[in-house]
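Okay, entry27.tsv now, which holds TSV, N, CA and C atoms:
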```tsv
chain	number	residue	atom	x	y	z
A	1	GLN	N	14.15	6.21	7.78
A	1	GLN	CA	13.00	7.11	7.85
A	1	GLN	C	11.79	6.37	7.33
A	2	GLN	N	10.68	6.49	8.06
A	2	GLN	CA	9.48	5.81	7.63
A	2	GLN	C	8.44	6.82	7.18
A	3	ALA	N	7.69	6.43	6.20
A	3	ALA	CA	6.61	7.27	5.73
A	3	ALA	C	5.38	6.98	6.58
A	4	THR	N	4.55	7.98	6.79
A	4	THR	CA	3.41	7.81	7.66
A	4	THR	C	2.12	8.09	6.90
A	5	ALA	N	1.10	7.32	7.19
A	5	ALA	CA	-0.18	7.46	6.51
A	5	ALA	C	-0.86	8.76	6.89
A	6	ALA	N	-1.76	9.16	6.05
A	6	ALA	CA	-2.45	10.43	6.23
A	6	ALA	C	-3.55	10.36	7.28
A	7	GLY	N	-3.90	9.18	7.78
A	7	GLY	CA	-4.96	9.06	8.76
A	7	GLY	C	-6.27	8.72	8.09
A	8	ASP	N	-7.35	9.28	8.59
A	8	ASP	CA	-8.66	8.99	8.01
A	8	ASP	C	-8.77	9.62	6.64
A	9	GLY	N	-8.98	8.80	5.63
A	9	GLY	CA	-9.15	9.33	4.28
A	9	GLY	C	-10.46	8.85	3.71
A	10	ASP	N	-11.11	9.68	2.98
A	10	ASP	CA	-12.32	9.26	2.29
A	10	ASP	C	-11.90	8.69	0.95
A	11	GLN	N	-12.13	7.40	0.78
A	11	GLN	CA	-11.71	6.77	-0.47
A	11	GLN	C	-12.50	7.33	-1.63
A	12	GLN	N	-11.77	7.78	-2.63
A	12	GLN	CA	-12.40	8.29	-3.83
A	12	GLN	C	-12.53	7.14	-4.81
A	13	ASN	N	-13.62	7.08	-5.49
A	13	ASN	CA	-13.80	6.05	-6.52
A	13	ASN	C	-13.30	6.59	-7.85
A	14	ALA	N	-12.11	7.15	-7.81
A	14	ALA	CA	-11.52	7.71	-9.03
A	14	ALA	C	-11.18	6.59	-10.00
A	15	GLN	N	-11.31	6.89	-11.24
A	15	GLN	CA	-11.01	5.91	-12.27
A	15	GLN	C	-9.52	5.91	-12.57
A	16	ASN	N	-8.93	4.73	-12.68
A	16	ASN	CA	-7.53	4.60	-13.04
A	16	ASN	C	-7.39	4.14	-14.48
A	17	ASN	N	-8.46	4.26	-15.25
A	17	ASN	CA	-8.42	3.82	-16.63
A	17	ASN	C	-7.28	4.52	-17.36
A	18	GLY	N	-6.51	3.74	-18.08
A	18	GLY	CA	-5.40	4.31	-18.82
A	18	GLY	C	-4.16	4.53	-17.96
A	19	THR	N	-4.20	4.12	-16.69
A	19	THR	CA	-3.05	4.29	-15.83
A	19	THR	C	-1.91	3.41	-16.31
A	20	ASP	N	-0.72	3.96	-16.30
A	20	ASP	CA	0.48	3.20	-16.64
A	20	ASP	C	0.82	2.32	-15.43
A	21	LEU	N	0.52	1.03	-15.53
A	21	LEU	CA	0.72	0.12	-14.40
A	21	LEU	C	2.19	0.05	-13.99
A	22	ASP	N	3.10	0.17	-14.95
A	22	ASP	CA	4.52	0.18	-14.62
A	22	ASP	C	4.87	1.40	-13.77
A	23	ALA	N	4.24	2.54	-14.07
A	23	ALA	CA	4.50	3.76	-13.29
A	23	ALA	C	4.01	3.58	-11.85
A	24	VAL	N	2.89	2.91	-11.66
A	24	VAL	CA	2.38	2.65	-10.31
A	24	VAL	C	3.35	1.73	-9.57
A	25	GLN	N	3.80	0.67	-10.24
A	25	GLN	CA	4.75	-0.24	-9.59
A	25	GLN	C	6.05	0.50	-9.27
A	26	ASP	N	6.52	1.33	-10.19
A	26	ASP	CA	7.73	2.11	-9.93
A	26	ASP	C	7.54	3.03	-8.73
A	27	ALA	N	6.35	3.62	-8.60
A	27	ALA	CA	6.07	4.50	-7.47
A	27	ALA	C	6.09	3.71	-6.16
A	28	LEU	N	5.49	2.53	-6.16
A	28	LEU	CA	5.49	1.70	-4.95
A	28	LEU	C	6.91	1.31	-4.56
A	29	ALA	N	7.67	0.80	-5.51
A	29	ALA	CA	9.01	0.30	-5.23
A	29	ALA	C	10.00	1.43	-5.00
A	30	GLY	N	9.71	2.61	-5.54
A	30	GLY	CA	10.62	3.73	-5.41
A	30	GLY	C	10.45	4.53	-4.13
A	31	ASN	N	9.44	4.17	-3.34
A	31	ASN	CA	9.23	4.86	-2.08
A	31	ASN	C	10.45	4.66	-1.19
A	32	SER	N	10.91	5.73	-0.55
A	32	SER	CA	12.17	5.67	0.19
A	32	SER	C	12.07	4.94	1.53
A	33	GLY	N	10.87	4.63	1.98
A	33	GLY	CA	10.74	3.95	3.27
A	33	GLY	C	9.52	3.07	3.29
A	34	ASP	N	9.25	2.52	4.45
A	34	ASP	CA	8.06	1.71	4.61
A	34	ASP	C	6.82	2.58	4.50
A	35	ILE	N	5.74	1.99	4.05
A	35	ILE	CA	4.46	2.67	3.96
A	35	ILE	C	3.63	2.23	5.17
A	36	TRP	N	3.32	3.18	6.03
A	36	TRP	CA	2.53	2.90	7.24
A	36	TRP	C	1.11	3.38	7.01
A	37	ILE	N	0.14	2.50	7.15
A	37	ILE	CA	-1.27	2.89	7.09
A	37	ILE	C	-1.84	2.68	8.49
A	38	TRP	N	-2.14	3.81	9.15
A	38	TRP	CA	-2.61	3.79	10.54
A	38	TRP	C	-4.11	3.56	10.60
A	39	TYR	N	-4.53	2.71	11.53
A	39	TYR	CA	-5.95	2.47	11.77
A	39	TYR	C	-6.45	3.30	12.93
A	40	ASP	N	-5.61	3.53	13.89
A	40	ASP	CA	-5.87	4.44	14.99
A	40	ASP	C	-4.51	4.82	15.56
A	41	ASP	N	-4.48	5.45	16.72
A	41	ASP	CA	-3.21	5.93	17.26
A	41	ASP	C	-2.24	4.82	17.66
A	42	SER	N	-2.72	3.59	17.75
A	42	SER	CA	-1.85	2.53	18.23
A	42	SER	C	-1.76	1.30	17.32
A	43	GLN	N	-2.38	1.36	16.16
A	43	GLN	CA	-2.39	0.18	15.28
A	43	GLN	C	-2.13	0.60	13.84
A	44	ALA	N	-1.18	-0.09	13.21
A	44	ALA	CA	-0.83	0.22	11.82
A	44	ALA	C	-0.45	-1.05	11.08
A	45	VAL	N	-0.64	-1.01	9.76
A	45	VAL	CA	-0.12	-2.05	8.88
A	45	VAL	C	1.01	-1.40	8.08
A	46	ILE	N	2.10	-2.13	7.93
A	46	ILE	CA	3.31	-1.59	7.32
A	46	ILE	C	3.62	-2.40	6.06
A	47	TYR	N	3.82	-1.72	4.95
A	47	TYR	CA	4.13	-2.38	3.68
A	47	TYR	C	5.49	-1.91	3.18
A	48	ASN	N	6.22	-2.83	2.55
A	48	ASN	CA	7.45	-2.47	1.86
A	48	ASN	C	7.45	-3.21	0.53
A	49	PHE	N	7.37	-2.44	-0.56
A	49	PHE	CA	7.27	-2.99	-1.91
A	49	PHE	C	8.63	-2.95	-2.59
A	50	SER	N	8.98	-4.03	-3.31
A	50	SER	CA	10.23	-4.10	-4.07
A	50	SER	C	9.93	-4.06	-5.56
A	51	ALA	N	10.92	-3.64	-6.34
A	51	ALA	CA	10.76	-3.54	-7.78
A	51	ALA	C	10.53	-4.89	-8.44
A	52	ASP	N	10.96	-5.98	-7.78
A	52	ASP	CA	10.82	-7.32	-8.35
A	52	ASP	C	9.46	-7.96	-8.09
A	53	GLY	N	8.49	-7.17	-7.56
A	53	GLY	CA	7.16	-7.70	-7.32
A	53	GLY	C	6.99	-8.38	-5.97
A	54	ARG	N	7.96	-8.21	-5.08
A	54	ARG	CA	7.87	-8.78	-3.74
A	54	ARG	C	7.36	-7.72	-2.78
A	55	VAL	N	6.66	-8.17	-1.74
A	55	VAL	CA	6.18	-7.26	-0.71
A	55	VAL	C	6.35	-7.92	0.65
A	56	VAL	N	6.69	-7.10	1.64
A	56	VAL	CA	6.74	-7.55	3.02
A	56	VAL	C	5.69	-6.72	3.76
A	57	GLN	N	4.83	-7.43	4.49
A	57	GLN	CA	3.77	-6.76	5.24
A	57	GLN	C	3.96	-7.07	6.72
A	58	GLY	N	3.91	-6.03	7.52
A	58	GLY	CA	4.00	-6.19	8.96
A	58	GLY	C	2.88	-5.43	9.63
A	59	SER	N	2.77	-5.59	10.94
A	59	SER	CA	1.75	-4.90	11.70
A	59	SER	C	2.33	-4.43	13.02
A	60	MET	N	1.80	-3.33	13.50
A	60	MET	CA	2.16	-2.84	14.81
A	60	MET	C	0.87	-2.62	15.60
A	61	VAL	N	0.84	-3.18	16.79
A	61	VAL	CA	-0.29	-2.97	17.69
A	61	VAL	C	0.29	-2.52	19.02
A	62	GLY	N	-0.05	-1.29	19.42
A	62	GLY	CA	0.54	-0.74	20.64
A	62	GLY	C	2.05	-0.64	20.47
A	63	ASN	N	2.79	-1.23	21.40
A	63	ASN	CA	4.24	-1.23	21.32
A	63	ASN	C	4.78	-2.52	20.74
A	64	SER	N	3.91	-3.40	20.26
A	64	SER	CA	4.33	-4.70	19.74
A	64	SER	C	4.33	-4.71	18.22
A	65	THR	N	5.36	-5.30	17.66
A	65	THR	CA	5.41	-5.51	16.22
A	65	THR	C	5.12	-6.97	15.96
A	66	LEU	N	4.14	-7.25	15.13
A	66	LEU	CA	3.76	-8.62	14.82
A	66	LEU	C	4.67	-9.17	13.73
A	67	PRO	N	4.77	-10.50	13.63
A	67	PRO	CA	5.65	-11.09	12.61
A	67	PRO	C	5.30	-10.60	11.21
A	68	GLN	N	6.33	-10.46	10.39
A	68	GLN	CA	6.14	-10.01	9.02
A	68	GLN	C	5.68	-11.16	8.14
A	69	VAL	N	4.90	-10.80	7.12
A	69	VAL	CA	4.44	-11.77	6.13
A	69	VAL	C	5.06	-11.37	4.79
A	70	GLU	N	5.71	-12.30	4.14
A	70	GLU	CA	6.30	-12.02	2.84
A	70	GLU	C	5.43	-12.60	1.75
A	71	GLY	N	5.49	-11.97	0.59
A	71	GLY	CA	4.71	-12.45	-0.54
A	71	GLY	C	5.01	-11.64	-1.79
A	72	THR	N	4.05	-11.61	-2.68
A	72	THR	CA	4.18	-10.90	-3.93
A	72	THR	C	3.02	-9.92	-4.08
A	73	TYR	N	3.17	-8.99	-5.03
A	73	TYR	CA	2.06	-8.08	-5.33
A	73	TYR	C	1.94	-7.93	-6.83
A	74	GLU	N	0.72	-7.63	-7.26
A	74	GLU	CA	0.44	-7.40	-8.67
A	74	GLU	C	-0.38	-6.13	-8.80
A	75	VAL	N	0.10	-5.20	-9.61
A	75	VAL	CA	-0.63	-3.96	-9.87
A	75	VAL	C	-1.62	-4.23	-10.98
A	76	ARG	N	-2.89	-3.96	-10.71
A	76	ARG	CA	-3.95	-4.10	-11.71
A	76	ARG	C	-4.56	-2.73	-11.96
A	77	GLU	N	-5.45	-2.65	-12.93
A	77	GLU	CA	-6.08	-1.37	-13.29
A	77	GLU	C	-6.79	-0.71	-12.12
A	78	ASP	N	-7.39	-1.50	-11.23
A	78	ASP	CA	-8.21	-0.93	-10.17
A	78	ASP	C	-7.73	-1.27	-8.77
A	79	SER	N	-6.64	-2.05	-8.65
A	79	SER	CA	-6.23	-2.49	-7.32
A	79	SER	C	-4.79	-3.02	-7.34
A	80	ILE	N	-4.29	-3.24	-6.14
A	80	ILE	CA	-3.00	-3.90	-5.95
A	80	ILE	C	-3.30	-5.14	-5.12
A	81	VAL	N	-3.02	-6.30	-5.68
A	81	VAL	CA	-3.34	-7.56	-5.02
A	81	VAL	C	-2.07	-8.12	-4.38
A	82	LEU	N	-2.12	-8.32	-3.06
A	82	LEU	CA	-1.03	-8.89	-2.30
A	82	LEU	C	-1.33	-10.36	-2.04
A	83	THR	N	-0.37	-11.24	-2.30
A	83	THR	CA	-0.55	-12.67	-2.07
A	83	THR	C	0.58	-13.14	-1.18
A	84	ASN	N	0.23	-13.86	-0.09
A	84	ASN	CA	1.29	-14.31	0.80
A	84	ASN	C	2.11	-15.42	0.15
A	85	GLU	N	3.24	-15.75	0.76
A	85	GLU	CA	4.25	-16.63	0.18
A	85	GLU	C	3.69	-17.97	-0.31
A	86	ASP	N	2.81	-18.59	0.47
A	86	ASP	CA	2.30	-19.91	0.07
A	86	ASP	C	1.03	-19.84	-0.76
A	87	GLY	N	0.59	-18.62	-1.09
A	87	GLY	CA	-0.57	-18.45	-1.96
A	87	GLY	C	-1.91	-18.69	-1.29
A	88	SER	N	-1.91	-18.85	0.03
A	88	SER	CA	-3.15	-19.20	0.73
A	88	SER	C	-4.01	-17.99	1.09
A	89	SER	N	-3.47	-16.80	0.94
A	89	SER	CA	-4.22	-15.62	1.36
A	89	SER	C	-3.92	-14.45	0.42
A	90	GLU	N	-4.97	-13.69	0.10
A	90	GLU	CA	-4.83	-12.49	-0.71
A	90	GLU	C	-5.43	-11.31	0.02
A	91	LYS	N	-4.85	-10.14	-0.21
A	91	LYS	CA	-5.39	-8.89	0.31
A	91	LYS	C	-5.38	-7.90	-0.84
A	92	THR	N	-6.39	-7.07	-0.92
A	92	THR	CA	-6.49	-6.11	-2.01
A	92	THR	C	-6.47	-4.69	-1.45
A	93	LEU	N	-5.58	-3.88	-1.99
A	93	LEU	CA	-5.55	-2.45	-1.72
A	93	LEU	C	-6.05	-1.75	-2.98
A	94	THR	N	-6.80	-0.70	-2.82
A	94	THR	CA	-7.20	0.09	-3.99
A	94	THR	C	-6.28	1.31	-4.05
A	95	TYR	N	-6.28	1.98	-5.18
A	95	TYR	CA	-5.39	3.13	-5.33
A	95	TYR	C	-5.93	4.09	-6.37
A	96	THR	N	-5.40	5.30	-6.30
A	96	THR	CA	-5.54	6.27	-7.39
A	96	THR	C	-4.13	6.73	-7.74
A	97	TYR	N	-3.93	7.07	-8.99
A	97	TYR	CA	-2.63	7.58	-9.44
A	97	TYR	C	-2.90	8.70	-10.43
A	98	GLU	N	-2.67	9.92	-9.95
A	98	GLU	CA	-2.93	11.09	-10.79
A	98	GLU	C	-1.80	12.08	-10.64
A	99	ASN	N	-1.32	12.59	-11.76
A	99	ASN	CA	-0.29	13.64	-11.77
A	99	ASN	C	0.92	13.26	-10.91
A	100	GLY	N	1.32	11.98	-10.96
A	100	GLY	CA	2.49	11.53	-10.23
A	100	GLY	C	2.27	11.29	-8.76
A	101	THR	N	1.03	11.41	-8.28
A	101	THR	CA	0.74	11.17	-6.87
A	101	THR	C	-0.02	9.86	-6.73
A	102	LEU	N	0.51	8.96	-5.91
A	102	LEU	CA	-0.10	7.67	-5.66
A	102	LEU	C	-0.78	7.70	-4.30
A	103	ARG	N	-2.04	7.34	-4.27
A	103	ARG	CA	-2.79	7.23	-3.01
A	103	ARG	C	-3.22	5.78	-2.86
A	104	LEU	N	-2.81	5.15	-1.77
A	104	LEU	CA	-3.21	3.78	-1.47
A	104	LEU	C	-4.32	3.80	-0.44
A	105	PHE	N	-5.27	2.90	-0.60
A	105	PHE	CA	-6.40	2.81	0.33
A	105	PHE	C	-6.49	1.39	0.87
A	106	ASP	N	-6.56	1.28	2.18
A	106	ASP	CA	-6.78	0.02	2.86
A	106	ASP	C	-8.06	0.23	3.66
A	107	GLY	N	-9.18	-0.18	3.09
A	107	GLY	CA	-10.47	0.17	3.68
A	107	GLY	C	-10.66	1.67	3.55
A	108	ASP	N	-10.96	2.35	4.65
A	108	ASP	CA	-11.16	3.80	4.59
A	108	ASP	C	-9.91	4.57	5.02
A	109	ARG	N	-8.80	3.87	5.18
A	109	ARG	CA	-7.54	4.52	5.53
A	109	ARG	C	-6.72	4.72	4.27
A	110	GLU	N	-5.94	5.78	4.23
A	110	GLU	CA	-5.18	6.05	3.03
A	110	GLU	C	-3.75	6.45	3.33
A	111	PHE	N	-2.93	6.30	2.32
A	111	PHE	CA	-1.55	6.77	2.34
A	111	PHE	C	-1.32	7.45	1.00
A	112	GLU	N	-0.74	8.65	1.03
A	112	GLU	CA	-0.52	9.40	-0.20
A	112	GLU	C	0.94	9.82	-0.28
A	113	PHE	N	1.54	9.65	-1.45
A	113	PHE	CA	2.90	10.13	-1.65
A	113	PHE	C	3.16	10.42	-3.11
A	114	SER	N	4.13	11.29	-3.32
A	114	SER	CA	4.56	11.63	-4.68
A	114	SER	C	5.98	11.12	-4.85
A	115	PRO	N	6.17	10.10	-5.68
A	115	PRO	CA	7.51	9.56	-5.86
A	115	PRO	C	8.46	10.63	-6.40
A	116	GLU	N	9.72	10.54	-5.99
A	116	GLU	CA	10.71	11.52	-6.45
A	116	GLU	C	11.42	10.99	-7.66
```

Would you give me this structure, written as structure tokens?
Amino acid sequence: QQATAAGDGDQQNAQNNGTDLDAVQDALAGNSGDIWIWYDDSQAVIYNFSADGRVVQGSMVGNSTLPQVEGTYEVREDSIVLTNEDGSSEKTLTYTYENGTLRLFDGDREFEFSPE
């Protein structure tokens, strides 16, 4: 089962000050499926976070799945930084974490879930 992004989201500049970074990482790694962030009806970026700080990122365009990129992630106070395997590229996702609900933002697209 895959989780699906909420679609167009207005990114909130909510403060994550005092956020328990371990709780955010646990929420990412505890998600039961891939995290799909849709850009439109035919294009999505797919993330799968592991508890050991590893992440696999893939993309879907139309009916084609592009090769996956493996790397690591680091949860920071204001963002989640993804670094590919050879360290040559970084991508930053922003997030909010309030009342057990994690919202990830990739540009103006968002994904929201409440870890169980």

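The coordinates place atom CA of A:Glu70 at 18.9 Å from atom CA of A:Leu104.
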
Between atom N of A:Glu85 and atom N of A:Val24 - distance in Å to one decimal: 22.4 Å

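Counting from atom CA of A:Val55, the distance to atom CA of A:Thr96 is 19.1 Å.
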
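The residues of chain A that DSSP assigns to helix (DSSP H, G or I) on this backbone come out as Leu21, Asp22, Ala23, Val24, Gln25, Asp26, Ala27, Leu28, Ala29 and Gly30 of chain A.
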
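Between A:Gln43 and the residues A:Gln68, A:Thr101, A:Ser89, A:Asn63, the shortest atom-to-atom distance, using only C-alpha atoms, involves A:Asn63.
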
Just list the residues in chain A DSSP gives strand (DSSP E) on the backbone, as an MDAnalysis selection string. chainID A and resid 3:4 7:8 35:40 43:49 54:61 64:75 80:84 90:98 101:106 109:113

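Of the listed residues (A:Tyr95, A:Asn48, A:Trp38, A:Arg54), A:Arg54 comes nearest to A:Glu74; the distances count all atoms listed in the file.
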
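Distance check against A:Leu21 using only C-alpha atoms: of A:Val75, A:Leu82, A:Ala51, A:Leu102, the minimum falls on A:Val75.
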
Using the file's own x, y and z axes, what box holds all listed atoms of stretch 105-109 of chain A with 6 Å on each side, keeping edges along x, y and z, and what are its centre and edge lengths in Å to one decimal, as lines of an AutoDock Vina configuration file?
```
center_x = -8.2
center_y = 2.3
center_z = 2.5
size_x = 17.9
size_y = 16.9
size_z = 18.1
```

Show me, as a PyMOL selection string, the residues that have an atom within 8 Å of A:Phe49 when counting all atoms listed in the file, minus same-chain residues fewer than 5 positions from it. chain A and resi 25+27-31+33-35+54-57+73

Nearest to A:Asp22 by atom-to-atom distance, counting only C-alpha atoms, from A:Ser42, A:Gly58, A:Leu66, A:Gly53: A:Gly53

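When all atoms listed in the file are used to measure the gap to A:Ser50, the shortest distance among A:Asp26, A:Phe111, A:Asp78, A:Gly100 belongs to A:Asp26.
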
From the set A:Asp20, A:Asp40, A:Glu98, A:Glu110, which residue has the shortest atom-to-atom contact distance to A:Val61, counting only C-alpha atoms? A:Asp40
